[in-house]
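Visitor: One file is attached below, query.cif, containing mmCIF, C-alpha atoms and all ligand atoms.
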data_input
loop_
_atom_site.label_atom_id
_atom_site.label_comp_id
_atom_site.auth_asym_id
_atom_site.auth_seq_id
_atom_site.Cartn_x
_atom_site.Cartn_y
_atom_site.Cartn_z
CA MET A 1 -1.63 -53.91 -28.89
CA ASN A 2 0.30 -52.72 -31.92
CA TRP A 3 -0.20 -53.26 -35.63
CA ASP A 4 0.63 -51.64 -38.94
CA ILE A 5 -1.42 -50.75 -41.99
CA VAL A 6 0.22 -50.58 -45.42
CA ASN A 7 -0.95 -49.62 -48.92
CA ALA A 8 -3.73 -47.36 -47.68
CA THR A 9 -5.28 -44.31 -49.31
CA LEU A 10 -5.89 -41.76 -46.58
CA VAL A 11 -8.97 -39.59 -47.11
CA SER A 12 -9.65 -36.40 -45.21
CA ALA A 13 -11.89 -33.49 -46.16
CA ALA A 14 -8.76 -31.55 -47.13
CA LYS A 15 -6.88 -34.12 -49.20
CA ILE A 16 -6.41 -37.65 -50.48
CA LYS A 17 -3.04 -39.30 -49.88
CA GLN A 18 -2.28 -42.48 -51.80
CA ASP A 19 0.27 -45.24 -51.09
CA THR A 20 0.53 -44.51 -47.40
CA SER A 21 1.13 -46.57 -44.32
CA PHE A 22 0.45 -45.92 -40.70
CA SER A 23 0.74 -47.60 -37.33
CA VAL A 24 -1.47 -48.22 -34.35
CA ARG A 25 0.42 -48.08 -31.07
CA ASP A 26 -1.58 -48.70 -27.89
CA GLY A 27 -4.77 -47.47 -29.57
CA ILE A 28 -3.14 -44.32 -30.95
CA PHE A 29 -2.15 -43.38 -34.52
CA ALA A 30 1.60 -43.26 -35.19
CA ASN A 31 3.86 -42.87 -38.23
CA THR A 32 1.02 -41.31 -40.23
CA ASP A 33 3.32 -38.92 -42.05
CA LYS A 34 5.76 -41.56 -43.22
CA ALA A 35 5.67 -43.10 -46.69
CA SER A 36 6.12 -46.66 -45.50
CA VAL A 37 6.32 -48.51 -42.23
CA GLY A 38 6.75 -52.02 -41.03
CA LYS A 39 7.29 -53.57 -44.43
CA SER A 40 10.76 -54.93 -43.81
CA LYS A 41 10.73 -56.22 -40.24
CA GLN A 42 7.43 -57.78 -39.31
CA GLU A 43 7.47 -56.89 -35.66
CA PHE A 44 3.70 -56.44 -35.48
CA PRO A 45 0.70 -57.73 -37.46
CA ILE A 46 0.49 -56.01 -40.84
CA ILE A 47 -2.72 -55.35 -42.75
CA ASP A 48 -2.28 -54.69 -46.46
CA LEU A 49 -5.22 -52.58 -47.58
CA MET A 50 -4.32 -52.88 -51.28
CA GLY A 51 -5.12 -49.24 -51.88
CA TYR A 52 -8.50 -49.16 -50.18
CA PRO A 53 -9.46 -45.76 -48.75
CA VAL A 54 -9.27 -45.12 -45.02
CA PHE A 55 -11.45 -42.40 -43.46
CA PRO A 56 -11.26 -40.93 -39.94
CA GLY A 57 -13.87 -42.48 -37.63
CA LEU A 58 -17.09 -40.47 -37.90
CA ILE A 59 -18.38 -38.38 -34.99
CA ASN A 60 -22.18 -38.21 -34.69
CA CYS A 61 -22.97 -35.00 -32.80
CA HIS A 62 -26.55 -35.80 -31.80
CA ASP A 63 -28.46 -38.86 -30.71
CA HIS A 64 -30.46 -40.14 -27.75
CA LEU A 65 -29.40 -43.73 -27.27
CA LEU A 66 -32.37 -44.55 -25.03
CA GLY A 67 -34.50 -43.81 -28.11
CA SER A 68 -32.84 -46.50 -30.22
CA TYR A 69 -36.08 -48.07 -31.36
CA TRP A 70 -38.26 -48.20 -34.44
CA PRO A 71 -40.48 -47.14 -36.23
CA ARG A 72 -40.67 -43.34 -36.22
CA VAL A 73 -43.55 -41.89 -34.28
CA GLY A 74 -45.64 -38.86 -35.19
CA ASP A 75 -49.19 -38.81 -36.57
CA ARG A 76 -49.86 -35.09 -36.12
CA ARG A 77 -47.03 -33.61 -38.13
CA PRO A 78 -45.86 -30.93 -38.56
CA TYR A 79 -45.44 -30.27 -34.86
CA LEU A 80 -45.24 -26.88 -33.13
CA ASN A 81 -42.32 -27.95 -30.92
CA TRP A 82 -40.63 -31.05 -29.46
CA LEU A 83 -43.11 -31.31 -26.55
CA GLU A 84 -46.10 -32.00 -28.81
CA TRP A 85 -44.15 -34.75 -30.52
CA ASP A 86 -42.95 -36.15 -27.19
CA ASN A 87 -46.56 -36.38 -25.97
CA ASP A 88 -47.47 -38.39 -29.06
CA LEU A 89 -44.38 -40.55 -28.59
CA LYS A 90 -45.24 -41.39 -24.97
CA ALA A 91 -48.83 -42.27 -25.95
CA SER A 92 -47.81 -44.51 -28.87
CA PRO A 93 -47.98 -48.34 -28.95
CA VAL A 94 -44.37 -48.47 -30.17
CA TYR A 95 -43.26 -46.59 -27.03
CA ALA A 96 -45.10 -49.14 -24.87
CA GLU A 97 -43.30 -51.86 -26.81
CA ARG A 98 -39.95 -50.11 -26.25
CA GLN A 99 -40.62 -49.95 -22.52
CA GLN A 100 -40.38 -53.76 -22.38
CA ILE A 101 -36.70 -53.52 -23.27
CA GLU A 102 -33.93 -52.91 -20.75
CA SER A 103 -32.38 -49.43 -21.03
CA SER A 104 -28.93 -51.02 -21.22
CA ASP A 105 -30.08 -52.92 -24.32
CA LEU A 106 -31.42 -49.75 -25.95
CA TYR A 107 -27.95 -48.26 -25.48
CA GLN A 108 -26.40 -51.35 -27.04
CA LEU A 109 -28.79 -51.10 -30.01
CA GLY A 110 -27.80 -47.47 -30.50
CA ALA A 111 -24.10 -48.29 -30.30
CA TYR A 112 -24.27 -51.16 -32.81
CA ARG A 113 -26.45 -49.18 -35.22
CA HIS A 114 -23.70 -46.58 -35.54
CA ILE A 115 -20.56 -48.72 -35.71
CA LEU A 116 -21.98 -50.58 -38.72
CA CYS A 117 -21.85 -47.20 -40.54
CA GLY A 118 -18.32 -46.13 -39.62
CA ILE A 119 -19.31 -43.94 -36.65
CA THR A 120 -16.82 -44.32 -33.83
CA SER A 121 -17.96 -41.56 -31.40
CA VAL A 122 -21.44 -40.31 -30.58
CA GLN A 123 -22.85 -37.51 -28.44
CA ASP A 124 -25.71 -38.94 -26.38
CA HIS A 125 -27.83 -35.95 -25.33
CA ILE A 126 -28.86 -36.91 -21.81
CA PRO A 127 -27.76 -35.89 -18.29
CA HIS A 128 -24.52 -37.45 -17.05
CA PHE A 129 -26.19 -39.41 -14.27
CA VAL A 130 -28.22 -41.35 -16.84
CA ARG A 131 -25.47 -41.72 -19.42
CA ASP A 132 -22.98 -42.95 -16.82
CA LEU A 133 -25.17 -45.96 -16.02
CA PHE A 134 -24.88 -47.29 -19.57
CA ALA A 135 -21.69 -45.90 -21.09
CA LYS A 136 -19.45 -48.78 -20.01
CA ASN A 137 -18.96 -51.83 -22.22
CA LEU A 138 -20.49 -50.26 -25.30
CA PRO A 139 -18.85 -51.09 -28.64
CA ILE A 140 -18.75 -47.33 -29.46
CA LYS A 141 -17.32 -44.26 -27.69
CA LEU A 142 -19.87 -41.99 -26.00
CA LEU A 143 -18.52 -38.49 -25.57
CA ASP A 144 -18.12 -37.92 -21.85
CA GLN A 145 -17.03 -34.30 -21.45
CA TYR A 146 -19.96 -31.92 -21.85
CA ALA A 147 -22.19 -29.45 -20.05
CA MET A 148 -25.82 -29.28 -21.08
CA ALA A 149 -29.38 -28.11 -21.00
CA HIS A 150 -32.32 -29.92 -22.56
CA SER A 151 -33.58 -26.86 -24.43
CA VAL A 152 -34.13 -23.13 -23.96
CA THR A 153 -37.81 -22.72 -23.03
CA SER A 154 -39.91 -22.66 -19.86
CA TYR A 155 -41.14 -26.18 -20.71
CA ALA A 156 -37.63 -27.65 -21.13
CA LEU A 157 -36.86 -30.85 -19.24
CA PRO A 158 -34.86 -30.11 -16.05
CA TRP A 159 -31.55 -31.45 -17.37
CA GLY A 160 -28.34 -30.01 -15.95
CA GLU A 161 -27.92 -27.27 -13.35
CA GLY A 162 -29.36 -24.48 -15.50
CA ILE A 163 -28.17 -22.60 -18.56
CA LYS A 164 -25.90 -20.10 -16.75
CA PRO A 165 -23.96 -22.50 -14.52
CA GLU A 166 -23.71 -25.20 -17.18
CA HIS A 167 -22.38 -22.75 -19.74
CA ALA A 168 -19.94 -21.28 -17.20
CA LEU A 169 -18.65 -24.80 -16.49
CA ALA A 170 -18.24 -25.40 -20.24
CA VAL A 171 -16.14 -22.25 -20.64
CA GLU A 172 -14.07 -23.00 -17.54
CA LYS A 173 -13.23 -26.56 -18.66
CA ASP A 174 -13.35 -25.83 -22.41
CA ILE A 175 -15.94 -28.53 -23.02
CA PRO A 176 -19.09 -28.15 -25.14
CA PHE A 177 -22.29 -26.63 -23.74
CA ILE A 178 -24.94 -28.56 -25.65
CA THR A 179 -28.65 -27.81 -25.89
CA HIS A 180 -31.56 -28.34 -28.24
CA CYS A 181 -32.35 -24.90 -29.66
CA SER A 182 -34.77 -23.24 -32.05
CA GLU A 183 -36.53 -26.58 -32.71
CA GLY A 184 -40.01 -25.46 -33.67
CA PHE A 185 -42.21 -22.45 -34.16
CA ASP A 186 -43.65 -21.16 -30.86
CA ARG A 187 -42.54 -17.76 -29.51
CA GLU A 188 -40.19 -19.11 -26.83
CA THR A 189 -38.54 -21.44 -29.30
CA ILE A 190 -38.06 -18.63 -31.83
CA ASP A 191 -36.53 -16.48 -29.06
CA SER A 192 -34.15 -19.24 -27.88
CA VAL A 193 -30.90 -17.64 -29.06
CA ALA A 194 -31.87 -14.29 -27.49
CA THR A 195 -32.57 -16.14 -24.24
CA LEU A 196 -29.18 -17.82 -24.39
CA GLN A 197 -27.53 -14.47 -25.06
CA LYS A 198 -29.29 -12.91 -22.04
CA ASN A 199 -27.81 -15.74 -19.98
CA GLY A 200 -24.34 -15.13 -21.40
CA ALA A 201 -24.42 -18.57 -22.98
CA ILE A 202 -23.30 -17.88 -26.56
CA SER A 203 -19.63 -18.76 -26.99
CA ARG A 204 -17.36 -21.07 -28.94
CA GLN A 205 -18.29 -23.79 -26.45
CA THR A 206 -21.99 -23.42 -27.38
CA VAL A 207 -23.44 -26.27 -29.45
CA LEU A 208 -27.02 -25.75 -30.62
CA ILE A 209 -28.89 -28.80 -31.85
CA HIS A 210 -31.38 -28.28 -34.72
CA GLY A 211 -31.59 -24.48 -35.18
CA ILE A 212 -34.69 -24.65 -37.38
CA ALA A 213 -36.00 -21.23 -36.35
CA LEU A 214 -32.69 -19.34 -36.45
CA SER A 215 -33.02 -15.75 -37.74
CA ASP A 216 -30.39 -13.81 -39.67
CA SER A 217 -29.43 -11.89 -36.54
CA ASP A 218 -29.17 -15.18 -34.56
CA ILE A 219 -26.82 -16.52 -37.23
CA GLU A 220 -24.65 -13.40 -37.06
CA LEU A 221 -24.45 -13.70 -33.30
CA LEU A 222 -23.45 -17.39 -33.50
CA ALA A 223 -20.87 -16.70 -36.21
CA ASN A 224 -19.26 -13.87 -34.26
CA ALA A 225 -19.04 -16.03 -31.14
CA GLY A 226 -17.60 -19.04 -32.99
CA SER A 227 -20.58 -21.20 -31.91
CA ASN A 228 -21.64 -24.52 -33.37
CA VAL A 229 -24.88 -25.90 -34.83
CA VAL A 230 -25.74 -29.59 -35.20
CA TRP A 231 -27.83 -30.09 -38.31
CA CYS A 232 -30.32 -33.02 -38.12
CA PRO A 233 -32.22 -32.74 -41.41
CA VAL A 234 -34.04 -36.09 -41.33
CA SER A 235 -35.50 -35.50 -37.86
CA ASN A 236 -36.35 -31.87 -38.64
CA LEU A 237 -38.03 -32.57 -41.97
CA PHE A 238 -39.98 -35.47 -40.46
CA MET A 239 -41.27 -33.62 -37.37
CA PHE A 240 -41.49 -30.06 -38.67
CA GLY A 241 -41.30 -30.12 -42.48
CA LYS A 242 -38.49 -27.57 -42.12
CA THR A 243 -34.82 -27.60 -41.20
CA ALA A 244 -31.98 -25.23 -40.30
CA PRO A 245 -30.93 -22.44 -42.72
CA VAL A 246 -27.77 -24.39 -43.41
CA LYS A 247 -26.47 -22.38 -46.37
CA LYS A 248 -26.66 -19.12 -44.42
CA LEU A 249 -25.00 -20.78 -41.43
CA LEU A 250 -22.12 -22.09 -43.53
CA GLU A 251 -21.67 -18.84 -45.41
CA ALA A 252 -21.64 -16.90 -42.14
CA GLY A 253 -18.87 -19.18 -40.87
CA VAL A 254 -20.84 -21.03 -38.18
CA ASN A 255 -19.35 -24.44 -37.46
CA VAL A 256 -22.07 -26.80 -38.77
CA CYS A 257 -21.92 -30.51 -37.85
CA LEU A 258 -24.30 -33.42 -38.49
CA GLY A 259 -26.38 -35.57 -36.16
CA THR A 260 -28.75 -38.47 -36.69
CA ASP A 261 -31.01 -37.85 -33.68
CA SER A 262 -32.75 -41.01 -32.43
CA PRO A 263 -34.43 -43.29 -34.99
CA MET A 264 -37.84 -42.60 -33.43
CA SER A 265 -37.77 -39.20 -35.17
CA GLY A 266 -34.51 -39.13 -37.11
CA SER A 267 -32.55 -41.14 -39.64
CA ILE A 268 -32.05 -44.89 -39.54
CA SER A 269 -28.37 -44.42 -40.39
CA ILE A 270 -25.78 -41.79 -41.17
CA PHE A 271 -26.09 -43.03 -44.76
CA GLU A 272 -29.69 -41.82 -44.88
CA GLU A 273 -28.73 -38.58 -43.12
CA LEU A 274 -26.06 -37.82 -45.74
CA GLN A 275 -28.41 -38.53 -48.64
CA VAL A 276 -31.25 -36.45 -47.21
CA ALA A 277 -28.91 -33.60 -46.26
CA ARG A 278 -27.43 -33.53 -49.74
CA ASN A 279 -30.83 -33.71 -51.49
CA TYR A 280 -32.24 -31.04 -49.21
CA TYR A 281 -29.38 -28.69 -50.03
CA GLN A 282 -29.77 -29.30 -53.77
CA THR A 283 -33.53 -28.75 -53.66
CA ALA A 284 -33.56 -25.76 -51.31
CA TYR A 285 -30.66 -23.88 -52.89
CA SER A 286 -30.49 -25.26 -56.47
CA GLU A 287 -26.81 -26.10 -56.01
CA ASP A 288 -24.60 -28.82 -54.58
CA LEU A 289 -22.77 -28.67 -51.30
CA ASP A 290 -19.30 -30.12 -51.83
CA PRO A 291 -19.19 -33.70 -50.46
CA SER A 292 -15.95 -32.90 -48.62
CA VAL A 293 -17.94 -30.46 -46.46
CA PHE A 294 -20.21 -33.32 -45.37
CA LEU A 295 -17.10 -35.31 -44.44
CA GLU A 296 -15.86 -32.30 -42.43
CA MET A 297 -19.21 -32.13 -40.62
CA LEU A 298 -18.67 -35.68 -39.37
CA THR A 299 -14.95 -35.38 -38.61
CA THR A 300 -13.00 -32.13 -38.12
CA ARG A 301 -16.01 -29.84 -37.62
CA ALA A 302 -17.55 -32.33 -35.19
CA ALA A 303 -14.31 -32.65 -33.26
CA ARG A 304 -14.07 -28.85 -32.99
CA ALA A 305 -17.66 -28.54 -31.73
CA MET A 306 -17.09 -31.29 -29.17
CA ARG A 307 -13.74 -29.72 -28.14
CA ILE A 308 -11.84 -32.93 -28.96
CA GLU A 309 -9.97 -31.77 -32.05
CA ASP A 310 -6.63 -32.49 -30.40
CA SER A 311 -7.52 -36.17 -30.08
CA ARG A 312 -10.12 -37.17 -32.72
CA GLY A 313 -11.49 -36.33 -36.16
CA ALA A 314 -8.29 -36.82 -38.19
CA ILE A 315 -5.76 -39.57 -38.94
CA THR A 316 -2.80 -37.86 -37.31
CA ASP A 317 -0.05 -39.00 -34.97
CA GLY A 318 -1.22 -38.89 -31.37
CA ASN A 319 -4.95 -39.09 -32.15
CA ALA A 320 -7.09 -42.03 -31.06
CA ALA A 321 -6.87 -44.72 -33.76
CA ASP A 322 -10.52 -44.44 -34.84
CA PHE A 323 -11.06 -45.12 -38.55
CA PHE A 324 -12.94 -47.09 -41.17
CA VAL A 325 -12.02 -48.69 -44.47
CA LEU A 326 -14.41 -48.26 -47.38
CA GLN A 327 -15.06 -50.32 -50.50
CA PRO A 328 -15.45 -47.44 -52.97
CA GLN A 329 -18.23 -47.65 -55.52
CA PHE A 330 -17.03 -44.67 -57.58
CA ASP A 331 -13.66 -43.37 -58.78
CA ASP A 332 -14.38 -40.24 -56.73
CA LEU A 333 -13.79 -41.22 -53.10
CA TYR A 334 -15.90 -38.36 -51.73
CA GLU A 335 -18.78 -39.54 -53.91
CA SER A 336 -18.21 -43.05 -52.59
CA PHE A 337 -18.46 -41.63 -49.07
CA MET A 338 -21.72 -39.81 -49.84
CA GLN A 339 -23.36 -42.93 -51.26
CA MET A 340 -21.87 -45.57 -48.97
CA LYS A 341 -23.98 -48.43 -47.66
CA TYR A 342 -23.54 -51.21 -45.11
CA ALA A 343 -21.87 -53.66 -47.51
CA ASP A 344 -19.23 -51.02 -48.41
CA ILE A 345 -17.92 -50.71 -44.85
CA LYS A 346 -14.98 -53.13 -44.91
CA LEU A 347 -13.52 -52.45 -41.46
CA VAL A 348 -14.25 -50.18 -38.47
CA VAL A 349 -11.60 -49.63 -35.80
CA ILE A 350 -12.04 -47.85 -32.45
CA ASP A 351 -9.05 -47.10 -30.21
CA GLY A 352 -6.98 -49.36 -32.42
CA LYS A 353 -9.27 -52.39 -32.15
CA PRO A 354 -11.62 -53.72 -34.84
CA VAL A 355 -15.34 -53.61 -34.00
CA PHE A 356 -16.87 -54.45 -37.39
CA GLY A 357 -15.52 -55.81 -40.62
CA ASP A 358 -15.38 -58.28 -43.48
CA TYR A 359 -14.53 -61.95 -42.94
CA GLU A 360 -11.08 -61.36 -44.41
CA TYR A 361 -10.15 -59.47 -41.22
CA SER A 362 -10.87 -62.36 -38.85
CA ASP A 363 -7.11 -62.82 -38.27
CA LEU A 364 -6.88 -59.20 -37.16
CA PHE A 365 -9.73 -59.65 -34.67
CA ASP A 366 -7.94 -62.77 -33.38
CA ALA A 367 -4.49 -61.15 -33.24
CA LEU A 368 -5.90 -58.27 -31.18
CA SER A 369 -7.97 -60.64 -28.97
CA VAL A 370 -11.29 -59.10 -30.02
CA LYS A 371 -14.11 -61.62 -29.74
CA TYR A 372 -16.63 -61.38 -32.56
CA ASP A 373 -20.03 -62.55 -33.71
CA ARG A 374 -20.76 -63.66 -37.25
CA VAL A 375 -23.69 -61.74 -38.70
CA ARG A 376 -25.38 -60.96 -41.98
CA VAL A 377 -25.91 -57.28 -42.60
CA GLN A 378 -28.45 -56.87 -45.40
CA GLY A 379 -27.47 -60.39 -46.40
CA GLU A 380 -23.70 -59.70 -46.45
CA LYS A 381 -21.47 -61.79 -44.19
CA LYS A 382 -19.69 -59.60 -41.63
CA LEU A 383 -17.92 -59.86 -38.28
CA VAL A 384 -18.91 -57.59 -35.40
CA LYS A 385 -17.59 -57.18 -31.88
CA SER A 386 -19.31 -59.89 -29.86
CA GLY A 387 -22.58 -59.16 -28.12
CA LEU A 388 -24.84 -58.30 -31.05
CA ASN A 389 -26.30 -61.75 -31.65
CA ALA A 390 -27.18 -62.16 -27.98
CA LEU A 391 -28.63 -58.64 -28.01
CA ILE A 392 -30.91 -59.42 -30.96
CA HIS A 393 -32.15 -62.55 -29.17
CA ARG A 394 -32.79 -60.56 -25.96
CA ILE A 395 -34.77 -57.88 -27.84
CA ARG A 396 -36.95 -60.51 -29.50
CA ALA A 397 -37.47 -62.29 -26.17
CA SER A 398 -38.40 -58.98 -24.49
CA VAL A 399 -41.11 -58.02 -27.00
CA LYS A 400 -42.10 -61.66 -27.69
CA PHE A 401 -42.01 -61.46 -31.46
CA ASP A 402 -39.48 -61.38 -34.28
CA LYS A 403 -38.90 -57.61 -34.10
CA LYS A 404 -37.23 -56.00 -37.11
CA LEU A 405 -35.33 -52.75 -36.58
CA ASP A 406 -34.65 -50.90 -39.84
CA PHE A 407 -31.67 -49.14 -38.26
CA LEU A 408 -30.01 -52.48 -37.52
CA PRO A 409 -30.55 -54.70 -40.60
CA VAL A 410 -28.70 -57.62 -39.02
CA GLU A 411 -29.43 -61.32 -38.67
CA PRO A 412 -27.28 -63.58 -36.51
CA ASP A 413 -25.29 -66.00 -38.69
CA GLU A 414 -24.69 -68.71 -36.16
CA ASN A 415 -24.37 -71.79 -38.41
ZN ZN B 1 -32.57 -34.49 -29.65
#
Could you spell out this file's structure in structure tokens?

Guide:
Amino acid sequence: MNWDIVNATLVSAAKIKQDTSFSVRDGIFANTDKASVGKSKQEFPIIDLMGYPVFPGLINCHDHLLGSYWPRVGDRRPYLNWLEWDNDLKASPVYAERQQIESSDLYQLGAYRHILCGITSVQDHIPHFVRDLFAKNLPIKLLDQYAMAHSVTSYALPWGEGIKPEHALAVEKDIPFITHCSEGFDRETIDSVATLQKNGAISRQTVLIHGIALSDSDIELLANAGSNVVWCPVSNLFMFGKTAPVKKLLEAGVNVCLGTDSPMSGSISIFEELQVARNYYQTAYSEDLDPSVFLEMLTTRAARAMRIEDSRGAITDGNAADFFVLQPQFDDLYESFMQMKYADIKLVVIDGKPVFGDYEYSDLFDALSVKYDRVRVQGEKKLVKSGLNALIHRIRASVKFDKKLDFLPVEPDEN
């Protein structure tokens, strides 16, 4: 289905382009470099954005959708490594409560939590055989091309075929090789990058999640190889009281991206992640990191790490039409991005179809045959791709009480 957008302000990390128009043709961006399109002959539906800013759909480089539950778990912080935390998680009452919910519904919760924030693609760190059971019919895109390991220690979960073959596959197919790495303080964790290097697994396909314990020599190695690090400050600071040496990584030229991790250890939203990341940088280094760099971490840098930069991460002809429209709260659009909240997200589009938006876009949902639910998000009336209201009712029926999930501040609005 085709439609046109006029009077938009296109925002990328590199530049802001006012008074622009663009087209969506079969789910793909078109005519993005033209000044105006579709104004004279109304061949397709036209949305006039009246100058509102349009951002590329955000790419969240780390989550575990099966862990889409709440609240955070962890009474014995700071932890030595992920395994100690995982033991506490599995022994917790909230985990027992989560077990009453169908895995497919946990995936749905994770998908809806992100699209309300403008995220259009997410990397679900889990073996393919699990992911493939739940990836269909989600309102978000799960990245599907990746090789992986769980982590780089003797007590890692047996995910994937092993570091060497998985990394070799990643290089052969030019897809990311993704693993948790340097997440904690024990000897094996500290030596993770050296272990990867011994296995020949440091390359531009390598994506290391967390990187808390990275040394200067690790950083040099990663920079020289063109490797990638996914920074998850909320999860790291919660579990370990420490996070990656992000300034050194950026200065060395390592491709740093952002990830939320699951809400059982990480942020409730990318909004929280951005705020915590920014505050951490200011506090740790007594200076600001330019907001456009944060936007890069969730768009172009993320697309490069995930090896999808020829199809996502920018509003360019030929890319998937993934984007969101923001109600800016400041004159500075990057500042508006850094401080955005649920009510500010006016419209989210994935593969050219709306999945979340203000009531004023109901005609667009109808024109593109997208069924929607009416909801209130933190009290604000919104439309969302249908399925969320039924999901909320199923969750409450599963746990037998009126469960509130801070990462999904939604009430059905069925009157
Ligand atoms: Zn993780």

Visitor: Got a sec: who's within 6 Å of segment 183-197 of chain A, counting all atoms listed in the file, leaving out chain neighbours fewer than 2 positions off, as JSON, numbers by chain?

Guide: {"A": [80, 81, 152, 153, 181, 199, 200, 201, 202, 210, 211, 212, 213]}

Visitor: Using the selection just defined, write its residues with C-alpha atoms as a PDB file, in the coordinates of the input.

Guide:
ATOM      1  CA  LEU A  80     -45.240 -26.880 -33.130  1.00  0.00           C
ATOM      2  CA  ASN A  81     -42.320 -27.950 -30.920  1.00  0.00           C
ATOM      3  CA  VAL A 152     -34.130 -23.130 -23.960  1.00  0.00           C
ATOM      4  CA  THR A 153     -37.810 -22.720 -23.030  1.00  0.00           C
ATOM      5  CA  CYS A 181     -32.350 -24.900 -29.660  1.00  0.00           C
ATOM      6  CA  ASN A 199     -27.810 -15.740 -19.980  1.00  0.00           C
ATOM      7  CA  GLY A 200     -24.340 -15.130 -21.400  1.00  0.00           C
ATOM      8  CA  ALA A 201     -24.420 -18.570 -22.980  1.00  0.00           C
ATOM      9  CA  ILE A 202     -23.300 -17.880 -26.560  1.00  0.00           C
ATOM     10  CA  HIS A 210     -31.380 -28.280 -34.720  1.00  0.00           C
ATOM     11  CA  GLY A 211     -31.590 -24.480 -35.180  1.00  0.00           C
ATOM     12  CA  ILE A 212     -34.690 -24.650 -37.380  1.00  0.00           C
ATOM     13  CA  ALA A 213     -36.000 -21.230 -36.350  1.00  0.00           C
TER      14      ALA A 213
END

Visitor: Neighbours of ligand ZN 1 (chain B) within 10 Å, counting only C-alpha atoms and all ligand atoms, as number ranges by chain?

Guide: A: 62-64, 67, 82, 124-126, 150-151, 179-181, 183, 209-210, 232, 235, 259-262, 265-266

Visitor: Which distance in Å separates atom CA of Leu214 of chain A and atom CA of Lys242 of chain A, to one decimal?

Guide: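 Rounded to one decimal, the two atoms are 11.6 Å apart.
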
Visitor: As lines of an AutoDock Vina configuration file, what would the box around segment 66-80 of chain A look like: edges along x, y and z, 5 Å added on every side, centre and edge lengths in Å to one decimal?

Guide:
center_x = -41.1
center_y = -37.5
center_z = -31.8
size_x = 27.5
size_y = 31.3
size_z = 23.5

Visitor: Atom CA of Ala8 of chain A and atom CA of Thr20 of chain A are how many Å apart?

Guide: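 The value is 5.1 Å.
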
Visitor: Can you list, as a PyMOL selection string, every protein, DNA or RNA residue that comes within 7 Å of segment 91-103 of chain A when you count all atoms listed in the file, leaving out same-chain residues fewer than 2 positions away?

Guide: chain A and resi 66+69+87-89+105-107+395+398-399

Visitor: Using all atoms listed in the file, find the one residue out of A:Trp159, A:Tyr361, A:Leu116, A:Arg394 that sits nearest to Phe129 of chain A.

Guide: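 Of the candidates, the smallest distance to Phe129 of chain A is held by A:Trp159.
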
Visitor: Quick one: contact table of segment 104-218 of chain A to segment 296-314 of chain A, 9 Å max, nearest atom pair and distance in Å to one decimal per residue, counting only C-alpha atoms, chain and number order, as a tab-separated table?

Guide:
residue	atom	partner	partner_atom	distance
A:Ile119	CA	A:Leu298	CA	8.7
A:Gln123	CA	A:Met306	CA	8.5
A:Leu143	CA	A:Met306	CA	8.2
A:Gln145	CA	A:Met306	CA	8.3
A:Tyr146	CA	A:Met306	CA	7.9
A:Asp174	CA	A:Arg307	CA	6.9
A:Ile175	CA	A:Arg307	CA	5.7
A:Pro176	CA	A:Met306	CA	5.5
A:Phe177	CA	A:Met306	CA	8.8
A:Arg204	CA	A:Ala305	CA	8.0
A:Gln205	CA	A:Ala305	CA	7.1
A:Thr206	CA	A:Ala305	CA	8.0
A:Val207	CA	A:Ala305	CA	6.6

Visitor: Would you list the contacts of segment 340-344 of chain A as JSON, numbers by chain, taking every protein, DNA or RNA residue within 12 Å and counting all atoms listed in the file, but skipping same-chain residues closer than 5 positions in sequence?

Guide: {"A": [52, 53, 113, 114, 115, 116, 117, 118, 119, 268, 269, 270, 271, 272, 273, 274, 275, 324, 325, 326, 327, 328, 329, 330, 333, 334, 335, 356, 357, 358, 359, 376, 377, 378, 379, 380, 381, 382, 383, 407, 408, 409, 410]}

Visitor: Identify which of the residues A:Ile350, A:Leu83, A:Val122, A:Val230 lies closest to Leu157 of chain A, counting only C-alpha atoms when measuring atom-to-atom distances.

Guide: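 The answer is A:Leu83, which sits nearest to Leu157 of chain A.
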
Visitor: How many Å lie between atom CA of Asp317 of chain A and atom CA of Leu250 of chain A, rounded to one decimal?

Guide: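 Taking atom CA of Asp317 of chain A as the start and atom CA of Leu250 of chain A as the end point, the length is 29.1 Å.
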
Visitor: Mind checking which residues fall within 12 Å of His393 of chain A, counting all atoms listed in the file, ignoring those fewer than 3 positions away in the same chain, and posting them as an mmCIF file with C-alpha atoms, keeping the file's coordinate frame?

Guide:
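Saved result, result16.cif, follows:
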data_model
loop_
_atom_site.group_PDB
_atom_site.id
_atom_site.type_symbol
_atom_site.label_atom_id
_atom_site.label_comp_id
_atom_site.auth_asym_id
_atom_site.auth_seq_id
_atom_site.Cartn_x
_atom_site.Cartn_y
_atom_site.Cartn_z
ATOM 1 C CA ILE A 101 -36.700 -53.520 -23.270
ATOM 2 C CA ASP A 105 -30.080 -52.920 -24.320
ATOM 3 C CA LEU A 109 -28.790 -51.100 -30.010
ATOM 4 C CA GLY A 387 -22.580 -59.160 -28.120
ATOM 5 C CA LEU A 388 -24.840 -58.300 -31.050
ATOM 6 C CA ASN A 389 -26.300 -61.750 -31.650
ATOM 7 C CA ALA A 390 -27.180 -62.160 -27.980
ATOM 8 C CA ARG A 396 -36.950 -60.510 -29.500
ATOM 9 C CA ALA A 397 -37.470 -62.290 -26.170
ATOM 10 C CA SER A 398 -38.400 -58.980 -24.490
ATOM 11 C CA VAL A 399 -41.110 -58.020 -27.000
ATOM 12 C CA LYS A 400 -42.100 -61.660 -27.690
ATOM 13 C CA PHE A 401 -42.010 -61.460 -31.460
ATOM 14 C CA ASP A 402 -39.480 -61.380 -34.280
ATOM 15 C CA LYS A 403 -38.900 -57.610 -34.100
ATOM 16 C CA LYS A 404 -37.230 -56.000 -37.110
ATOM 17 C CA VAL A 410 -28.700 -57.620 -39.020
ATOM 18 C CA GLU A 411 -29.430 -61.320 -38.670
ATOM 19 C CA PRO A 412 -27.280 -63.580 -36.510
ATOM 20 C CA GLU A 414 -24.690 -68.710 -36.160
#
